[in-house]
Amino acid sequence: MTQASSIAPEIPYVGRFAPTPSGPLHFGSLVAALASYLDAKAHKGLWLMRIEDIDPPREQPGASDTILQALEAFELFWDGKVMYQSQQNERYQDQVDQLIQAGLAYPCQCSRKQLKEYTVYPNSCRKNPPPADAECAIRLKTEGIFSIEDRIQGHCQWPMEQVGDFIIQRRDKLFAYQLAVVLDDQEQRINQVVRGYDILESTPRQLQLLKHLNLTPPTYAHIPVIVQANGQKLSKQNLAPAINSKEKHQLLLRALAALQIFPEREIQACAYSDILRWSVDQWDPSRLAMKQEIPEADLL
Ligand code: GLU
């Protein structure tokens, strides 16, 4: 039995792709989109779309549309309407207020400079609350040990004293990714998260939030990330080039190779849509077991 088929068949599968519009779709994000798409299709599930545009200073004007157009050009069609995080502020604020009222989150006025020498927040403002009129960020209290059985990375476990209390709303009032991702996965009823290995370290924070909010965690599969020759992840911050839909046939074959799917010559010669349809039945995340990185150069 493949790991893909180990998901309980009676629970309708709801997955998603949730790009941050800080740049156009690059090859690394194409692989992530394709993996979550194939996993959803292989389980006859829904594949929803969410644009994570909660951090305007990090965004590139027009990137949301460019990403969506690229996904359509690659025939990765999503179900339902696109959710935009920039339109969810009221819901986020309600939850932050409730967490504070429940004593699970607290104001913090520590500056980045004050915390420079710490890898884990030293709980200064948890112990000594700042004055009521101070300009503050909001931190979530963390406690205990969280673990998941990741469908690709296996058993992962995090003692929260190594993670520390973390920010859910910044001093400038913008909401943190950790908060928005958890609330929106719940809002969209996502029960399967397939995303890059680089986000694995965020998972304990998301599990802590889910616990404080009495919500059920999704199942996770963290796929390996594509790395360049210098070992750096292909990412928008590293200015990875946009993918060109004119090369979509070749790029699909490369993205499939990254996911350990290798069509034979006669399949390679088929039309793009046929290869994409064929690959749904070939998807087997157990082939990626424990892999964290895939060098881009191996895929040429
Ligand atoms: N928005 C994140 C990104 O573009 C993905 C978040 C997630 O999948 O949880 O890297």
# chains A, B, ... in the order shown; residues from 1 in each chain; ligands from 1
>>> residues_near_ligand(ligand="ligand 1", cutoff="6 Å", atoms="only C-alpha atoms and all ligand atoms", output="count of residues only")
5
>>> select_by_dssp(residues="segment 112-298 of chain A", states="strand (DSSP E or B)", output="PyMOL selection string")
chain A and resi 137-140+145-150+154-159+166-169+175+192-196+219-223+225-227+233+242+293-295
>>> closest_atom_pairs(of="segment 161-277 of chain A", to="segment 289-300 of chain A", cutoff="12 Å", atoms="only C-alpha atoms", output="CSV")
residue,atom,partner,partner_atom,distance
A:Arg195,CA,A:Gln292,CA,11.7
A:Gly196,CA,A:Gln292,CA,8.8
A:Tyr197,CA,A:Gln292,CA,6.1
A:Asp198,CA,A:Gln292,CA,8.4
A:Ile199,CA,A:Gln292,CA,11.1
A:Leu200,CA,A:Gln292,CA,10.1
A:Ala221,CA,A:Ala289,CA,9.9
A:His222,CA,A:Gln292,CA,8.3
A:Ile223,CA,A:Gln292,CA,7.0
A:Pro224,CA,A:Gln292,CA,4.2
A:Val225,CA,A:Glu293,CA,4.9
A:Ile226,CA,A:Ile294,CA,4.8
A:Val227,CA,A:Pro295,CA,4.8
A:Gln228,CA,A:Glu296,CA,5.6
A:Ala229,CA,A:Pro295,CA,6.9
A:Asn230,CA,A:Pro295,CA,9.5
A:Gly231,CA,A:Pro295,CA,7.8
A:Gln232,CA,A:Pro295,CA,9.5
A:Lys233,CA,A:Glu293,CA,8.4
A:Leu234,CA,A:Glu296,CA,8.6
A:Ala240,CA,A:Glu296,CA,11.7
A:Gln250,CA,A:Leu300,CA,9.9
A:Leu251,CA,A:Leu300,CA,10.0
A:Leu252,CA,A:Leu299,CA,11.2
A:Leu253,CA,A:Leu299,CA,9.1
A:Arg254,CA,A:Leu299,CA,5.8
A:Ala255,CA,A:Leu299,CA,8.2
A:Leu256,CA,A:Leu299,CA,9.4
A:Ala257,CA,A:Leu299,CA,6.5
A:Ala258,CA,A:Leu299,CA,6.8
A:Leu259,CA,A:Ile294,CA,9.2
A:Gln260,CA,A:Leu299,CA,10.2
A:Ile261,CA,A:Leu299,CA,11.5
A:Phe262,CA,A:Leu299,CA,10.9
>>> select_by_dssp(residues="segment 58-93 of chain A", states="helix (DSSP H, G or I)", output="VMD selection string")
chain A and resid 58 63 to 73 85 to 87 89 to 93
>>> closest_residue(among="A:Lys81, A:Arg139, A:Lys41, A:Lys113", to="Leu209 of chain A", atoms="only C-alpha atoms")
A:Arg139
>>> closest_residue(among="A:Gln192, A:Ser273, A:Ser64, A:Gln162", to="Asp39 of chain A", atoms="only C-alpha atoms")
A:Gln192
>>> residues_around(residues="Lys236 of chain A", least_positions_apart="5", cutoff="10 Å", atoms="only C-alpha atoms", output="list of chain:residue names")
A:Thr20, A:Pro21, A:Ser22, A:Gly23, A:Pro24, A:Leu25, A:His26, A:Gly28, A:Ser29, A:Pro241, A:Ala242
>>> closest_residue(among="A:Ala137, A:Leu210, A:Ala63, A:Ile152", to="Asp184 of chain A", atoms="only C-alpha atoms")
A:Leu210
>>> closest_residue(among="A:Ser147, A:Ala271, A:Leu179, A:Leu140", to="Ala102 of chain A", atoms="only C-alpha atoms")
A:Leu140
